Amino acid sequence: MKAMPWNWTCLLSHLLMVGMGSSTLLPRQPPPPSQKRSFITFRGEPAEGFNHLVVDERTGHIYLGAVNRIYKLSSDLKVLVTHQTGPDEDNPKCYPPRIVQTCHEPLTTTNNVNKMLLIDYKENRLIACGSLYQGICKLLRLEDLFKLGEPFHKKEHYLSGVNESGSVFGVIVSYSNLDDKLFIATAVDGKPEYFPTISSRKLTKNSEADGMFAYVFHDEFVASMIKIPSDTFTVIPDFDIYYVYGFSSGNFVYFLTLQPEMVSPPGSTTKEQVYTSKLVRLCKEDTAFNSYVEVPIGCERSGVEYRLLQAAYLSKAGAVLARTLGVRPEDDLLFTVFSKGQKRKMKSLDESALCIFILKQINDRIKERLQSCYRGEGTLDLAWLKVKDIPCSSALLTIDDNFCGLDMNAPLGVSEMVRGIPVFTEDRDRMTSVIAYVYKNHSLAFVGTKSGKLKKYQPGDEGREREYQDSKLSPAPHLRDLEKA
Ligand SMILES: *[C@@H]1O[C@H](CO)[C@@H](O)[C@H](O)[C@H]1NC(C)=O
Ligand SMILES: *[C@@H]1O[C@H](CO)[C@@H](O)[C@H](O)[C@H]1NC(C)=O
């Protein structure tokens with residue numbers, strides 16, 4: 001288990017992100033119960049919003065992605081280095097790469113919103129991607145934020161121009177003897193022809209290498225990417241996929257998404273647009289993306305449906321909660337926060353629920369669906385990928401836990417929603433962020449709320465699933481480190 005201080009810094013990294021415009025960072029460590037609390041704070045420039053925060057688990061140093069700046073802070077929130085990323089002359093209508101296509105749109109001073117901040121531990125660098133120029137990335141040395149590379153001469157160096165920080169997620173898959181891979185999942189902001197919504201890229205050792213961010217595989221017919229078909233926009237004009245969280249576990253990479261969908265309410269034949277939360281799974285080693293599977297996820301308590309994903313965090317069960325759930329202590333759990341209903345994405349309702357998913361149960365559900373599809377049952381059922389009504393084809397093969405798909409039945413949507421286990425619901429002060437870890441066999445979940453409160457839960461501990469005392473930390477919402485209020 002990690003040492004406590006870094007767990008707390010980690011907690012800070014996910015909970016104590018205070019939103020766009022109110023750039024303040026709060027405490028580092030919980031004070032002992034007997035002492036009066038005094039917090040260390042860090043304030044950015046006025047009107048400068050914070051977007052993302054990562055903590056180097058080896059040193060405790062904090063990296064903060066803000067509008068137009070990347071900061072390196074000590075664990076007591078002293079600024080060690082600042083790296084400027086913007087603003088610059090740009091126009092969101094200009095298409096990349098600009099050295100190939102000149103842009104005739106008027107350029108104006110434009111902010112660079114940090115959209116993704118990842119630590120590449122193997123190469124001791126920070127991958128910082130912004131919104132300027134259709135989303136290019138810098139590779140910065142962790143030590144001093146010296147710019148090691150900033151690839152921009154090829155089309156695949158541009159991730160997407162969205163300037164909402166809560167729409168992109170990256171997951172690094174590391175190898176001991178090969179170049180690493182970077183899975184990038186991003187909203188595309190109406191430009192599906194330019195930007196794949198999900199892809200795997202080469203993360204070369206040399207930050208200036210020509211192949212940096214090149215698709216892991218790409219030929220005329222097959223590529224390590226999925227683009228949103230333009231037909232999808234004729235059904236849902238503002239279609240996009242918002243990536244809330246991502247992680248890797250076992251042989252897979254997972255993303256948790258929110259996406260618009262047309263549904264008919266019960267008893268009605270007319271369709272209406274709602275947002276559905278879905279888990280996306282891909283095999284780490286699948287270069288053709290035949291393993292792409294989507295599963296709707298949600299939560300229900302006392303007849304109330306919580307379907308709009310706000311935040312998520314992967315943790316282990318720990319011995320105590322494992323006993324309650326009937327799993328092993330080292331099993332992966334997904335701690336999730338949903339808000340009620342599925343109508344509104346940005347102005348979510350305040351009724352919210354903290355729910356737990358057992359990752360193995362989701363994987364089992366996917367395996368069962370893969371098995372039934374390869375028996376020829378049902379359809380591929382993925383509306384946005386235009387395969388909703390395509391029947392599954394049968395094939396005689398054994399599908400085990402690590403099956404990575406064939407092009408015959410891919411991509412595949414699981415129709416039935418997987419429900420999480422509700423831990424706690426809150427009706428007034430919407431839960432907006434979550435982090436969890438195991439401490440002395442107990443699973444602890446910390447939740448940040450819209451009004452700036454911090455709540456602590458001990459799921460699985462009888463009678464101790466309580467709120468954290470004295471938890472008011474700030475007057476502004478706690479945000480998952482990638483979403484505006
Ligand atoms: C994001 O882009 C929109 C439209 O171009 C603009 O109105 C908004 O100010 C931008 N956000 C930031 C933080 O610069
Ligand atoms: C945690 O649980 C294990 C297995 O049940 C037990 O051996 C160990 O003593 C426990 N540790 C603590 C700190 O309670």
# chains A, B, ... in the order shown; residues from 1 in each chain; ligands from 1

$ residues_near_ligand --ligand "ligand 2" --cutoff "8 Å" --atoms "only C-alpha atoms and all ligand atoms" --output "number ranges by chain"
A: 318-320, 440-441

$ closest_atom_pairs --of "chain A" --to "ligand 1" --cutoff "9 Å" --atoms "only C-alpha atoms and all ligand atoms" --output "JSON lines"
{"residue": "A:Met20", "atom": "CA", "partner": "ligand 1", "partner_atom_place_in_ligand_line": "13 (C)", "distance": 7.8}
{"residue": "A:Gly21", "atom": "CA", "partner": "ligand 1", "partner_atom_place_in_ligand_line": "13 (C)", "distance": 9.0}
{"residue": "A:Glu48", "atom": "CA", "partner": "ligand 1", "partner_atom_place_in_ligand_line": "13 (C)", "distance": 8.7}
{"residue": "A:Gly49", "atom": "CA", "partner": "ligand 1", "partner_atom_place_in_ligand_line": "13 (C)", "distance": 7.7}
{"residue": "A:Val67", "atom": "CA", "partner": "ligand 1", "partner_atom_place_in_ligand_line": "13 (C)", "distance": 6.8}
{"residue": "A:Asn91", "atom": "CA", "partner": "ligand 1", "partner_atom_place_in_ligand_line": "5 (O)", "distance": 8.2}
{"residue": "A:Pro92", "atom": "CA", "partner": "ligand 1", "partner_atom_place_in_ligand_line": "5 (O)", "distance": 6.6}
{"residue": "A:Thr110", "atom": "CA", "partner": "ligand 1", "partner_atom_place_in_ligand_line": "14 (O)", "distance": 6.5}
{"residue": "A:Asn111", "atom": "CA", "partner": "ligand 1", "partner_atom_place_in_ligand_line": "14 (O)", "distance": 4.6}
{"residue": "A:Asn112", "atom": "CA", "partner": "ligand 1", "partner_atom_place_in_ligand_line": "14 (O)", "distance": 6.8}
{"residue": "A:Val113", "atom": "CA", "partner": "ligand 1", "partner_atom_place_in_ligand_line": "13 (C)", "distance": 5.9}
{"residue": "A:Ser131", "atom": "CA", "partner": "ligand 1", "partner_atom_place_in_ligand_line": "1 (C)", "distance": 8.5}
{"residue": "A:Val162", "atom": "CA", "partner": "ligand 1", "partner_atom_place_in_ligand_line": "1 (C)", "distance": 7.4}
{"residue": "A:Asn163", "atom": "CA", "partner": "ligand 1", "partner_atom_place_in_ligand_line": "1 (C)", "distance": 4.9}
{"residue": "A:Glu164", "atom": "CA", "partner": "ligand 1", "partner_atom_place_in_ligand_line": "1 (C)", "distance": 6.8}
{"residue": "A:Ser165", "atom": "CA", "partner": "ligand 1", "partner_atom_place_in_ligand_line": "13 (C)", "distance": 8.8}

$ closest_residue --among "A:Lys367, A:Arg125, A:Arg419, A:Lys388" --to "Arg307 in chain A" --atoms "only C-alpha atoms"
A:Arg419

$ residues_around --residues "Lys138 in chain A" --least-positions-apart "5" --cutoff "10 Å" --atoms "only C-alpha atoms" --output "PyMOL selection string"
chain A and resi 85+117+125-130+145-152+207

$ atom_distance --atom1 "CA of Pro265 in chain A" --atom2 "CA of Pro391 in chain A"
24.4 Å

$ residues_around --residues "Val100 in chain A" --least-positions-apart "5" --cutoff "10 Å" --atoms "only C-alpha atoms" --output "number ranges by chain"
A: 95, 153-155
